[in-house]
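S.K.: If it helps, the file is called data_27.cif and holds mmCIF, C-alpha atoms and all ligand atoms:
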data_query
loop_
_atom_site.label_atom_id
_atom_site.label_comp_id
_atom_site.auth_asym_id
_atom_site.auth_seq_id
_atom_site.Cartn_x
_atom_site.Cartn_y
_atom_site.Cartn_z
CA MET A 1 0.00 0.00 0.00
CA ARG A 2 1.12 3.55 -0.76
CA ILE A 3 -0.23 6.59 1.08
CA ASP A 4 0.46 10.15 -0.14
CA ILE A 5 -0.34 12.83 2.43
CA ILE A 6 -0.79 16.40 1.18
CA THR A 7 -0.48 18.95 3.98
CA VAL A 8 0.66 22.45 4.86
CA SER A 9 2.59 21.08 7.88
CA PRO A 10 4.36 17.80 7.09
CA GLU A 11 6.71 18.37 10.04
CA LEU A 12 3.77 18.21 12.45
CA ILE A 13 2.97 14.63 11.51
CA LYS A 14 6.16 12.94 10.31
CA SER A 15 7.28 11.68 13.70
CA PRO A 16 4.43 9.22 14.41
CA PHE A 17 5.59 7.35 11.30
CA GLU A 18 9.11 7.09 12.73
CA HIS A 19 8.09 5.05 15.77
CA SER A 20 6.52 1.81 16.86
CA MET A 21 3.93 0.02 14.73
CA LEU A 22 3.89 2.56 11.88
CA LYS A 23 7.68 2.51 11.56
CA ARG A 24 7.73 -1.29 11.62
CA ALA A 25 5.12 -1.48 8.86
CA ILE A 26 7.19 0.92 6.73
CA ASP A 27 10.49 -0.89 7.47
CA LYS A 28 8.90 -4.22 6.50
CA GLY A 29 7.89 -2.68 3.16
CA LEU A 30 4.19 -3.26 3.85
CA VAL A 31 3.32 0.41 3.40
CA GLU A 32 4.97 3.51 1.93
CA VAL A 33 4.02 6.92 3.29
CA HIS A 34 4.99 10.04 1.31
CA PHE A 35 4.52 13.62 2.49
CA HIS A 36 3.87 16.51 0.13
CA ASN A 37 4.20 20.06 1.37
CA LEU A 38 1.42 22.08 -0.21
CA ARG A 39 3.62 25.16 0.12
CA ASP A 40 5.81 23.76 -2.70
CA TYR A 41 2.82 24.27 -5.02
CA GLY A 42 1.96 27.77 -3.74
CA ILE A 43 1.26 30.64 -6.11
CA GLY A 44 3.86 33.31 -6.90
CA SER A 45 6.99 34.26 -5.01
CA TYR A 46 5.07 34.30 -1.72
CA LYS A 47 3.90 30.70 -2.37
CA LYS A 48 0.37 31.79 -1.58
CA LEU A 49 -1.98 28.98 -0.58
CA ASP A 50 -5.13 30.58 0.78
CA ASP A 51 -7.42 33.57 0.40
CA THR A 52 -10.50 35.13 1.99
CA GLN A 53 -13.86 33.58 1.14
CA PHE A 54 -16.26 34.94 -1.47
CA GLY A 55 -19.39 36.32 0.15
CA GLY A 56 -17.49 37.47 3.22
CA GLY A 57 -16.85 35.83 6.56
CA ALA A 58 -13.92 35.12 8.82
CA GLY A 59 -11.19 32.62 8.03
CA MET A 60 -9.00 31.76 5.09
CA VAL A 61 -9.82 29.13 2.47
CA LEU A 62 -7.24 26.94 0.75
CA MET A 63 -7.24 27.76 -2.98
CA ILE A 64 -7.80 25.16 -5.67
CA GLU A 65 -4.73 25.84 -7.80
CA PRO A 66 -1.96 24.59 -5.47
CA ILE A 67 -4.00 21.50 -4.55
CA ASP A 68 -4.81 20.83 -8.24
CA LYS A 69 -1.11 21.05 -9.13
CA CYS A 70 -0.11 18.66 -6.36
CA ILE A 71 -2.86 16.07 -6.93
CA SER A 72 -2.47 16.23 -10.73
CA LYS A 73 1.25 15.57 -10.44
CA LEU A 74 0.61 12.52 -8.26
CA GLN A 75 -2.12 11.27 -10.59
CA SER A 76 0.26 11.54 -13.56
CA GLU A 77 2.58 9.11 -11.76
CA ARG A 78 0.11 6.39 -10.71
CA ASN A 79 -3.56 5.56 -10.32
CA TYR A 80 -5.24 6.25 -7.00
CA ASP A 81 -8.09 4.15 -5.59
CA ASP A 82 -9.25 6.94 -3.31
CA ILE A 83 -8.55 10.63 -2.75
CA ILE A 84 -9.59 11.38 0.80
CA TYR A 85 -10.25 14.77 2.36
CA MET A 86 -9.98 15.03 6.15
CA THR A 87 -12.65 17.43 7.39
CA PRO A 88 -14.95 17.72 10.43
CA ASP A 89 -18.00 18.16 8.14
CA ALA A 90 -18.01 14.54 6.98
CA LYS A 91 -19.11 11.09 8.12
CA THR A 92 -17.16 9.80 11.10
CA LEU A 93 -14.38 7.25 10.69
CA ASN A 94 -15.30 3.76 11.86
CA GLN A 95 -13.76 0.29 11.75
CA SER A 96 -15.64 -0.63 8.59
CA VAL A 97 -14.10 2.32 6.68
CA ALA A 98 -10.65 1.42 8.07
CA ASN A 99 -11.12 -2.19 6.89
CA THR A 100 -12.10 -1.01 3.40
CA LEU A 101 -9.15 1.38 3.09
CA SER A 102 -6.64 -1.25 4.29
CA LEU A 103 -7.34 -3.17 1.06
CA LYS A 104 -6.47 -0.25 -1.27
CA GLU A 105 -3.28 -0.03 -3.31
CA ASN A 106 -2.74 3.76 -3.53
CA ILE A 107 -4.52 6.51 -1.65
CA ILE A 108 -4.08 10.27 -1.27
CA ILE A 109 -5.01 11.99 1.98
CA LEU A 110 -5.57 15.76 1.76
CA THR A 111 -5.64 17.59 5.07
CA GLY A 112 -7.59 20.80 5.39
CA HIS A 113 -6.62 23.85 7.38
CA TYR A 114 -8.05 27.28 8.15
CA LYS A 115 -11.72 27.37 7.00
CA GLY A 116 -11.18 24.39 4.73
CA VAL A 117 -10.66 24.03 0.99
CA ASP A 118 -12.45 25.63 -1.96
CA GLN A 119 -15.53 23.47 -2.64
CA ARG A 120 -14.34 22.88 -6.21
CA VAL A 121 -11.42 20.81 -4.87
CA ARG A 122 -13.97 18.53 -3.26
CA ASP A 123 -16.14 18.41 -6.37
CA LYS A 124 -13.26 17.73 -8.76
CA PHE A 125 -10.91 15.39 -6.88
CA ILE A 126 -12.24 14.02 -3.64
CA THR A 127 -13.74 10.51 -3.62
CA ARG A 128 -14.17 10.16 0.14
CA GLU A 129 -14.45 12.62 3.05
CA ILE A 130 -13.66 11.58 6.60
CA SER A 131 -14.03 13.17 10.04
CA ILE A 132 -12.58 11.49 13.14
CA GLY A 133 -15.25 12.71 15.54
CA ASP A 134 -17.65 15.42 16.57
CA TYR A 135 -15.17 18.07 17.67
CA VAL A 136 -13.01 20.56 15.79
CA LEU A 137 -9.22 20.29 15.41
CA THR A 138 -7.07 23.15 14.17
CA GLY A 139 -6.27 21.14 11.05
CA GLY A 140 -6.78 17.75 9.47
CA GLU A 141 -3.16 16.65 10.04
CA LEU A 142 -3.66 14.83 13.33
CA ALA A 143 -6.84 13.30 11.97
CA ALA A 144 -4.81 11.97 9.01
CA VAL A 145 -2.38 10.32 11.43
CA VAL A 146 -5.30 8.71 13.26
CA LEU A 147 -6.67 7.41 9.96
CA CYS A 148 -3.26 6.05 8.90
CA ASP A 149 -2.79 4.24 12.21
CA ALA A 150 -6.25 2.66 12.05
CA VAL A 151 -5.69 1.53 8.44
CA ILE A 152 -2.04 0.45 8.51
CA ARG A 153 -2.41 -1.85 11.51
CA LEU A 154 -4.97 -3.85 9.51
CA ILE A 155 -2.57 -4.62 6.66
CA PRO A 156 -1.67 -8.32 6.91
CA GLY A 157 1.76 -8.78 8.48
CA VAL A 158 1.85 -5.44 10.28
CA LEU A 159 0.79 -6.71 13.70
CA GLY A 160 2.98 -9.40 15.20
CA ASP A 161 0.04 -11.34 16.57
CA GLU A 162 -2.20 -11.83 13.53
CA GLN A 163 -5.13 -12.48 15.81
CA SER A 164 -5.00 -9.24 17.70
CA ALA A 165 -6.56 -7.02 15.03
CA LEU A 166 -9.46 -9.45 14.83
CA THR A 167 -10.16 -9.45 18.56
CA ASP A 168 -10.27 -5.64 18.78
CA SER A 169 -13.08 -3.61 20.16
CA PHE A 170 -15.36 -2.70 17.24
CA GLN A 171 -14.22 -5.52 14.99
CA ASP A 172 -17.33 -7.34 16.22
CA ASP A 173 -19.29 -4.22 17.27
CA LEU A 174 -18.70 -4.85 20.99
CA LEU A 175 -16.28 -3.02 23.26
CA SER A 176 -13.44 -5.07 24.76
CA PRO A 177 -13.90 -6.93 28.05
CA PRO A 178 -11.55 -6.11 30.97
CA VAL A 179 -8.05 -7.64 30.94
CA TYR A 180 -5.66 -8.49 33.78
CA THR A 181 -2.05 -9.60 34.17
CA ARG A 182 0.21 -10.58 37.08
CA PRO A 183 0.05 -10.26 40.02
CA ALA A 184 -3.20 -12.17 40.71
CA GLU A 185 -3.71 -9.93 43.74
CA TYR A 186 -2.48 -6.36 44.22
CA ASP A 187 -3.15 -4.32 47.35
CA GLY A 188 -6.19 -6.46 48.10
CA MET A 189 -7.59 -6.18 44.56
CA LYS A 190 -8.10 -9.65 43.08
CA VAL A 191 -8.26 -10.84 39.50
CA PRO A 192 -11.64 -12.55 38.88
CA ASP A 193 -11.33 -16.26 39.79
CA ILE A 194 -12.75 -17.37 36.45
CA LEU A 195 -9.69 -16.05 34.60
CA LEU A 196 -7.41 -18.23 36.77
CA SER A 197 -9.62 -21.33 36.41
CA GLY A 198 -8.16 -22.70 33.17
CA ASN A 199 -11.72 -23.37 31.97
CA PHE A 200 -11.43 -21.73 28.58
CA PRO A 201 -15.01 -22.19 27.31
CA LYS A 202 -16.22 -20.56 30.53
CA ILE A 203 -13.62 -17.79 30.20
CA ASP A 204 -14.81 -17.06 26.64
CA LYS A 205 -18.38 -16.87 27.86
CA TRP A 206 -17.40 -14.55 30.75
CA ARG A 207 -15.53 -12.25 28.36
CA GLU A 208 -18.47 -12.14 25.98
CA GLU A 209 -20.85 -11.24 28.82
CA LYS A 210 -18.51 -8.54 30.14
CA ALA A 211 -18.08 -7.10 26.64
CA TYR A 212 -21.84 -7.02 26.18
CA GLN A 213 -22.48 -5.38 29.58
CA HIS A 214 -19.76 -2.78 29.03
CA THR A 215 -21.15 -1.95 25.59
CA LYS A 216 -24.69 -1.75 26.91
CA ASN A 217 -23.58 0.61 29.68
CA ILE A 218 -21.52 3.10 27.75
CA ARG A 219 -22.25 2.63 24.01
CA PRO A 220 -25.79 1.25 23.69
CA ASP A 221 -25.91 2.81 20.20
CA LEU A 222 -23.49 0.09 19.02
CA LEU A 223 -26.01 -2.60 19.95
CA ASP A 224 -28.75 -0.91 17.92
CA GLU A 225 -26.75 -1.15 14.71
CL1 LIG B 1 -10.69 15.38 9.80
N1 LIG B 1 -10.33 17.82 10.71
C1 LIG B 1 -10.49 18.79 11.62
N2 LIG B 1 -9.94 19.98 11.38
N3 LIG B 1 -11.16 18.63 12.74
C2 LIG B 1 -11.69 17.43 12.97
C3 LIG B 1 -11.56 16.37 12.06
C4 LIG B 1 -10.87 16.61 10.92
N4 LIG B 1 -12.22 15.31 12.57
C5 LIG B 1 -12.72 15.71 13.72
N5 LIG B 1 -12.41 16.98 13.96
#
As a first step, turn the structure in this file into structure tokens.
M.R.:
Amino acid sequence: MRIDIITVSPELIKSPFEHSMLKRAIDKGLVEVHFHNLRDYGIGSYKKLDDTQFGGGAGMVLMIEPIDKCISKLQSERNYDDIIYMTPDAKTLNQSVANTLSLKENIIILTGHYKGVDQRVRDKFITREISIGDYVLTGGELAAVVLCDAVIRLIPGVLGDEQSALTDSFQDDLLSPPVYTRPAEYDGMKVPDILLSGNFPKIDKWREEKAYQHTKNIRPDLLDE
């Protein structure tokens, strides 16, 4: 998989890809991540990227020309399965979208800033718009990192334990049950006996019940779906 991220602040988001799971996936050759500084496509000697909005109103809008130049250059080099725009005014990211994207060959992620991008960018290029939740970030960069993490960990071979992506919260629409490790008792707080029993069918059943109860308590909306 190849991911091209177009952003006005590549430096803000490079470091997560230099550590831990994301770095390992890149080192193993399972994913390539390329950063494109929109400023390199800016207009004139000032490398202008944004302007005030037609019709008035506060906030600057990213202009179409620099984004067109950057995306068109990438498209001349390879085909893209999806061109994604990170924006709070979109459907929220979920596990199903992450699963879908993990199967793509080449994707572009465009991150917005300021008041967003000229609508014509969205009309002309964007095939998918994604928000990461109902709150506003200063830019789409951190949201792009969240998306990349959620997608890259699903690529076969990225996680050491192949099972672990499948037993995640949300993979089966239930939140995870509680987990414990040694010691079996700490400061009077005991691990539930069932987990020490060695009775694995019973343990599975206990975990399922706990997952269901936890989901019902804090995310009943997941059970409705
Ligand atoms: Cl994708 N961008 C911004 N700026 N804010 C957000 C978001 C994205 N998702 C949630 N909040």
S.K.: Measuring atom to atom with only C-alpha atoms, identify which of A:Val151, A:Ile218, A:Ile84, A:Ile107 is nearest to Asp123 of chain A.
M.R.: A:Ile84
S.K.: Around ligand LIG 1 (chain B), out to 6 Å and counting all atoms listed in the file, which residues are there? I want them as a ChimeraX atom specification.
M.R.: /A:86-88,130-140,143
S.K.: Could you dump the residues just selected with C-alpha atoms as a PDB file, keeping the file's coordinate frame?
M.R.:
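Writing the result to out.pdb gives the following:
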ATOM      1  CA  MET A  86      -9.980  15.030   6.150  1.00  0.00           C
ATOM      2  CA  THR A  87     -12.650  17.430   7.390  1.00  0.00           C
ATOM      3  CA  PRO A  88     -14.950  17.720  10.430  1.00  0.00           C
ATOM      4  CA  ILE A 130     -13.660  11.580   6.600  1.00  0.00           C
ATOM      5  CA  SER A 131     -14.030  13.170  10.040  1.00  0.00           C
ATOM      6  CA  ILE A 132     -12.580  11.490  13.140  1.00  0.00           C
ATOM      7  CA  GLY A 133     -15.250  12.710  15.540  1.00  0.00           C
ATOM      8  CA  ASP A 134     -17.650  15.420  16.570  1.00  0.00           C
ATOM      9  CA  TYR A 135     -15.170  18.070  17.670  1.00  0.00           C
ATOM     10  CA  VAL A 136     -13.010  20.560  15.790  1.00  0.00           C
ATOM     11  CA  LEU A 137      -9.220  20.290  15.410  1.00  0.00           C
ATOM     12  CA  THR A 138      -7.070  23.150  14.170  1.00  0.00           C
ATOM     13  CA  GLY A 139      -6.270  21.140  11.050  1.00  0.00           C
ATOM     14  CA  GLY A 140      -6.780  17.750   9.470  1.00  0.00           C
ATOM     15  CA  ALA A 143      -6.840  13.300  11.970  1.00  0.00           C
TER      16      ALA A 143
END
S.K.: One decimal, Å: what's the distance from atom CA of Pro178 of chain A over to atom CA of Pro192 of chain A, could you say?
M.R.: 10.2 Å
S.K.: Looking at all atoms listed in the file, which of A:Ser9, A:Ile126, A:Gly59, A:Gln95 is the one that sits closest to Phe170 of chain A?
M.R.: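 Looking only at the distances to Phe170 of chain A, the closest residue turns out to be A:Gln95.
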S.K.: If we count all atoms listed in the file and set the cut-off at 12 Å, which residues sit around Asp204 of chain A, ignoring sequence neighbours fewer than 6 positions away in its own chain? Please answer as a list in words.
M.R.: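 Residues meeting the cut-off are Pro177, Ile194, Leu195, Ser197, Gly198, Lys210 and Ala211 of chain A.
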S.K.: Would you please work out which residue, of A:Ala58, A:Lys104, A:Asp50, A:Lys115, is nearest to Ile83 of chain A when using all atoms listed in the file?
M.R.: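 Of A:Ala58, A:Lys104, A:Asp50, A:Lys115, the one nearest Ile83 of chain A, counting all atoms listed in the file, is A:Lys104.
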S.K.: Determine, using all atoms listed in the file, which residues of segment 119-199 of chain A have any atom at most 12 Å from an atom of segment 24-42 of chain A, and tabulate each with its shortest atom pair and distance in Å to one decimal place, rows ordered by chain and then rising number, as CSV.
M.R.:
residue,atom,partner,partner_atom,distance
A:Glu141,CA,A:Phe35,CA,11.2
A:Ala144,CA,A:Phe35,CA,11.5
A:Val145,CA,A:Val33,CA,10.9
A:Cys148,CA,A:Val33,CA,9.2
A:Asp149,CA,A:Ala25,CA,10.3
A:Val151,CA,A:Val31,CA,10.4
A:Ile152,CA,A:Val31,CA,7.4
A:Arg153,CA,A:Ala25,CA,8.0
A:Leu154,CA,A:Ala25,CA,10.4
A:Ile155,CA,A:Leu30,CA,7.4
A:Pro156,CA,A:Leu30,CA,8.3
A:Gly157,CA,A:Leu30,CA,7.6
A:Val158,CA,A:Ala25,CA,5.3
A:Leu159,CA,A:Ala25,CA,8.3
A:Gly160,CA,A:Arg24,CA,10.1
S.K.: Work out how far atom CA of Gly112 of chain A is from atom CA of Ile43 of chain A, in Å to one decimal.
M.R.: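 If I compute the distance from atom CA of Ile43 of chain A to atom CA of Gly112 of chain A, I get 17.5 Å.
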S.K.: Which one is closest to Leu175 of chain A: A:Asp193, A:Glu11, A:Glu225, A:Glu208? Count only C-alpha atoms.
M.R.: A:Glu208
S.K.: In terms of the shortest atom-to-atom distance over only C-alpha atoms, which of A:Ala184, A:Leu174, A:Ile109, A:Ile64 is closest to Tyr212 of chain A?
M.R.: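 Looking at the shortest contact to Tyr212 of chain A, the residue is A:Leu174.
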S.K.: Set the distance at 12 Å and use all atoms listed in the file: which residues neighbour Arg78 of chain A once local chain neighbours fewer than 2 positions away are removed? I'd like the list as a ChimeraX atom specification.
M.R.: /A:2-4,71-76,80-82,105-108
S.K.: Name all residues at most 12 Å from Leu49 of chain A (count only C-alpha atoms; drop same-chain ones fewer than 2 positions away) and give them as number ranges by chain.
M.R.: A: 7-8, 37-47, 51-52, 60-70, 112-114, 116-118
S.K.: Grab the atom CA of Ser176 of chain A to atom CA of His214 of chain A distance for me, in Å with one decimal place.
M.R.: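 Computing the Euclidean distance for atom CA of Ser176 of chain A and atom CA of His214 of chain A yields 8.0 Å.
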